[in-house]
Amino acid sequence: MIELQLISGLVSAAILFLLASGLSLIFGVCHVLNLAHGAFFLLATFLAYMVTSQLAVTEFDFWIALILVPLAVAGVGAVAEITLFRRLYGANILLQVLPTIALIFIISDLVRFFWGLEPLAVPTPTGFNFPIELFGVFFPSYYAVVVVAGALVALLIWFLVYKTDWGLLIRAVSQDRDMARALGVKANRIFTSVFALGTGLAGVGGVLFAPIGGANLGTDMDAVIEAFAVVVVGGLGSVWGSAVAALLIGMLKAFGILIVPQFALAFVFGLMAIVLVIRPTGLFGARE
Amino acid sequence: MKFFKSLALAGMTASMIAGGTASAETLKIGLISAKSGVFAIFGTSGEKGAMLAAEEINAAGGVLGRKIELITSDSKSRPEEASRLFREAVAQGATVVLGVIGSGETQAVSTLAREQKVPFFTGLGYSRFLTEEAGHRYFLRIITNSSAYYGPMVERLLKDGHKRYCTINNDFAFGRDLNESVMADLKKGNPQVEVLPGCEFWVPLGTTDFSTYLTALLSKKPDIVMFGGLVGPSGRAFVAQANQFGLFQRMAGAHPALGWPANAVGLREQDIPKRTIITGSDYPYPPPKTEDSERFFAAFKKRWNEDPVSEAAHGYATIQFIKKAFEKAGKVDREAFIDATAGLDIVHPSLGAMKMRGFDNQSTAGVWVGYLGWSKQYNRPAMEDVIFVPGEKYLPTEEQVKKLRSK
């Protein structure tokens with residue numbers, strides 16, 4: 001049943017895109033590799049649990065979480081940029097990596113402290129907790145929400161980056177930071193806002209993922225590894241690259257699992273290796 | 001990255017004396033637990049069970065006039081870390097070591113225990129091969145051997161008559177070992193049993209998104225899916241998502257250890273299909289209604305203000321067993337201790353009376369088998385229609401152990 005596998009591949013792709021686009025955006029503009037990106041995703045899954053369990057009385061608990069949590073995560077991201085990452089721009093890559101690893105531990109220990117060790121289940125939003133029949137089998141309707149949300153976020157990013165003044169400034173800063181500054185662009189403010197947007201996207205991904213996978217410690221590392229694979233294939237800094245690579249990897253996983261399950265995961269990293277050999281900057285990465 | 005991680009976490013071993021001040025000489029027991037990483041729930045609970053036992057023993061006068069001193073540490077669910085901590089515990093004077101750590105970690109530490117001739121118990125390594133192919137004089141196990149864990153489930157599945165199987169498991173030592181053993185025994189019991197082509201799935205530890213696997217499973221249309229090697233967050237996520245896909249309306253399920261409270265944690269009442277998933281547990285909910293079980297439950301709840309899970313009971317029973325063995329040996333000596341363990345019996349809180357088999361250092365612990373269900377009283381996943389199956393019958397004989405170890 002190829003259709004069914006296609007849909008589950010799209011679901012994987014949507015989550016991967018939400019993760020990778022933020023990581024890529026931050027790298028493209030700020031030139032730091034935020035290894036703690038998965039930690040923001042982890043934080044979002046637990047915040048989604050908190051909001052939905054506090055608001056269990058209303059039917060809109062999930063949708064409220066989908067708005068509040070990414071904003072909160074973006075806030076944490078902005079604070080992290082101002083206090084930590086801002087000091088790392090221009091430093092060499094190793095110096096950048098160490099503090100981001102520290103941030104992974106800080107966030108995951110805070111999550112442990114507040115929510116404990118046990119995996120937590122996040123309810124499927126009211127109205128989407130029934131299966132729809134598709135090609136003779138049942139498919140959870142919530143997965144459609146994830147796919148649509150992924151597509152909407154892609155549109156939103158496109159709009160922000162290419163159709164707004166802020167997007168123009170972002171593109172200017174990412175192309176030539178010093179020139180932009182010389183022309184009066186407040187680069188620091190741009191960096192903070194890009195960081196907030198990037199981590200906020202991880203937040204959206206986390207909330208959307210929570211009803212599927214729940215909130216579990218450990219998802220931070222899995223998430224950042226997968227996001228990293230997507231970003232490498234798509235090209236560091238390219239949001240479109242992330243979208244294409246997320247689709248490619250999502251489908252590769254889905255059909256790999258259907259056809260040769262024992263190698264399905266190797267395919268993803270195989271693809272990464274091939275892309276790195278043929279096009280070291282990724283499919284859509286800027287040439288050096 | 002691993003390098004930085006171990007750097008940052010080096011030297012985080014702590015030493016504590018349970019229940020009061022130390023007398024002149026203490027009996028030091030190393031207690032390595034996986035308190036973070038994939039096995040965090042198991043290790044944390046196991047440590048609490050062991051600490052409770054040590055406190056009770058110390059309050060009653062200790063062992064051979066000495067107080068128990070636990071040298072506790074966190075393995076981070078990583079074999080290389082567990083090995084390092086084992087060396088450290090021994091260097092600090094631990095006479096025996098208990099590791100509430102996974103099979104991979106246990107295997108690494110077991111090799112070291114053999115080299116250093118230090119008795120080592122596992123509180124979480126269930127894999128059959130640990131006491132069989134890889135077994136030796138210095139490795140001991142109170143907890144159930146995976147053969148005795150899945151054996152009763154296999155019998156039940158053969159009786160139910162499923163033939164066309166799909167399997168999905170976490171890709172690690174225990175998952176591989178369990179899948180191979182379960183499927184081999186099913187085929188031995190009924191030659192018509194087959195794993196459908198291309199329907200053997202392996203997922204990384206910690207996987208929580210199963211949508212692509214679930215659609216693939218639905219496409220292959222097996223009679224039953226065996227997912228016994230999905231542990232930690234994976235088992236829970238698989239069941240919850242499978243139920244959303246209506247998977248268990250189309251096929252049965254089998255998981256020898258989903259009745260493990262720590263494996264099922266996070267499952268909600270609506271995630272659990274009614275009487276569809278055959279499972280087992282060494283600490284079923286509701287807890288067995290025996291005096292020992294109820295006493296342990298109450299003491300653990302009072303001490304830690306949480307419900308115990310399997311590893312808590314194992315940590316507790318293992319420390320009790322260690323005490324009993326030292327008393328039988330009459331002195332604090334590693335070789336005398338191991339000699340004393342042979343044939344020694346103990347009452348485990350949830351698994352009842354068991355005996356240590358001298359020839360492979362495996363206890364005769366059994367398992368509870370039944371359907372995965374829900375307990376309203378405890379408000380957590382539970383088991384229905386449970387029966388207790390003693391382990392002895394499923395364990396290899398002395399000759400078989402000799403043969404396996406000589407390979």
# chains A, B, ... in the order shown; residues from 1 in each chain; ligands from 1
call {"tool": "interface_residues", "arguments": {"of": "chain B", "to": "chain A", "cutoff": "7 Å", "atoms": "only C-alpha atoms", "output": "list in words"}}
result
Gly37, Val38, Ala40, Ile41, Gly198, Glu200, Phe201, Trp202, Gly206, Thr208, Asp209, Ser211, Thr212, Tyr213, Thr215, Ala216, Ser219, Pro233, Ala237, Gln241, Gln244, Phe245, Gly246, Val265, Gly266 and Leu267 of chain B
call {"tool": "write_last_selection", "arguments": {"atoms": "C-alpha atoms", "output": "PDB file, in the first residue's frame"}}
result
ATOM      1  CA  GLY B  37      19.869   8.170  29.377  1.00  0.00           C
ATOM      2  CA  VAL B  38      17.411   5.639  27.953  1.00  0.00           C
ATOM      3  CA  ALA B  40      16.870   6.337  33.513  1.00  0.00           C
ATOM      4  CA  ILE B  41      13.530   5.265  35.017  1.00  0.00           C
ATOM      5  CA  GLY B 198      10.430  -7.853   4.850  1.00  0.00           C
ATOM      6  CA  GLU B 200      11.311  -7.649  10.604  1.00  0.00           C
ATOM      7  CA  PHE B 201      11.822  -4.070  11.753  1.00  0.00           C
ATOM      8  CA  TRP B 202      14.672  -2.661  13.842  1.00  0.00           C
ATOM      9  CA  GLY B 206      14.588   5.905  22.040  1.00  0.00           C
ATOM     10  CA  THR B 208       9.056   7.455  19.550  1.00  0.00           C
ATOM     11  CA  ASP B 209       7.601   8.077  16.083  1.00  0.00           C
ATOM     12  CA  SER B 211       4.007   6.115  11.865  1.00  0.00           C
ATOM     13  CA  THR B 212       6.070   4.810   8.939  1.00  0.00           C
ATOM     14  CA  TYR B 213       6.466   1.433  10.635  1.00  0.00           C
ATOM     15  CA  THR B 215       1.655   1.813   7.937  1.00  0.00           C
ATOM     16  CA  ALA B 216       4.174  -0.764   6.743  1.00  0.00           C
ATOM     17  CA  SER B 219       0.306  -3.237   4.576  1.00  0.00           C
ATOM     18  CA  PRO B 233       9.729   5.191  25.618  1.00  0.00           C
ATOM     19  CA  ALA B 237       4.832   5.128  21.982  1.00  0.00           C
ATOM     20  CA  GLN B 241       0.209   5.091  18.103  1.00  0.00           C
ATOM     21  CA  GLN B 244      -4.651   5.285  16.911  1.00  0.00           C
ATOM     22  CA  PHE B 245      -4.118   3.395  13.656  1.00  0.00           C
ATOM     23  CA  GLY B 246      -6.563   0.692  14.775  1.00  0.00           C
ATOM     24  CA  VAL B 265       4.413   4.164  32.075  1.00  0.00           C
ATOM     25  CA  GLY B 266       2.813   7.021  30.147  1.00  0.00           C
ATOM     26  CA  LEU B 267       0.211   4.768  28.523  1.00  0.00           C
TER      27      LEU B 267
END
call {"tool": "residues_around", "arguments": {"residues": "region 142-156 of chain B", "least_positions_apart": "2", "cutoff": "7 Å", "atoms": "only C-alpha atoms", "output": "PyMOL selection string"}}
result
chain B and resi 123+126-128+140+158-160+182+186+256+279+314+318+362-363+365-367+369+389+391+394-395
call {"tool": "closest_residue", "arguments": {"among": "B:Lys301, B:Ser33, B:Arg78, B:Lys188", "to": "Gly46 (chain B)", "atoms": "only C-alpha atoms"}}
result
B:Ser33
call {"tool": "select_by_dssp", "arguments": {"residues": "region 93-256 of chain A", "states": "strand (DSSP E or B)", "output": "PDB file with C-alpha atoms, in the first residue's frame"}}
result
ATOM      1  CA  LEU A 120       4.464  11.757  29.561  1.00  0.00           C
ATOM      2  CA  PRO A 131      -9.121   7.610  12.669  1.00  0.00           C
ATOM      3  CA  ILE A 132     -10.132   8.352   9.075  1.00  0.00           C
ATOM      4  CA  GLU A 133     -10.479   5.505   6.648  1.00  0.00           C
ATOM      5  CA  LEU A 134      -8.035   5.835   3.813  1.00  0.00           C
ATOM      6  CA  VAL A 137      -7.128   1.135   6.458  1.00  0.00           C
ATOM      7  CA  PHE A 138      -7.498   3.548   9.310  1.00  0.00           C
ATOM      8  CA  PHE A 139      -5.272   6.544   9.531  1.00  0.00           C
ATOM      9  CA  PRO A 140      -5.220   8.882  12.533  1.00  0.00           C
ATOM     10  CA  ALA A 215       7.243  13.934  25.970  1.00  0.00           C
TER      11      ALA A 215
END
call {"tool": "residues_around", "arguments": {"residues": "Ala187 (chain A)", "least_positions_apart": "5", "cutoff": "8 Å", "atoms": "only C-alpha atoms", "output": "PyMOL selection string"}}
result
chain A and resi 173+177+180-181
call {"tool": "select_by_dssp", "arguments": {"residues": "region 41-258 of chain A", "states": "alpha helix (DSSP H)", "output": "PyMOL selection string"}}
result
chain A and resi 41-54+61-83+93-115+142-163+165-175+177-182+187-213+219-234+239-258
call {"tool": "atom_distance", "arguments": {"atom1": "CA of Leu70 (chain B)", "atom2": "CA of Ile29 (chain B)"}}
result
5.0 Å
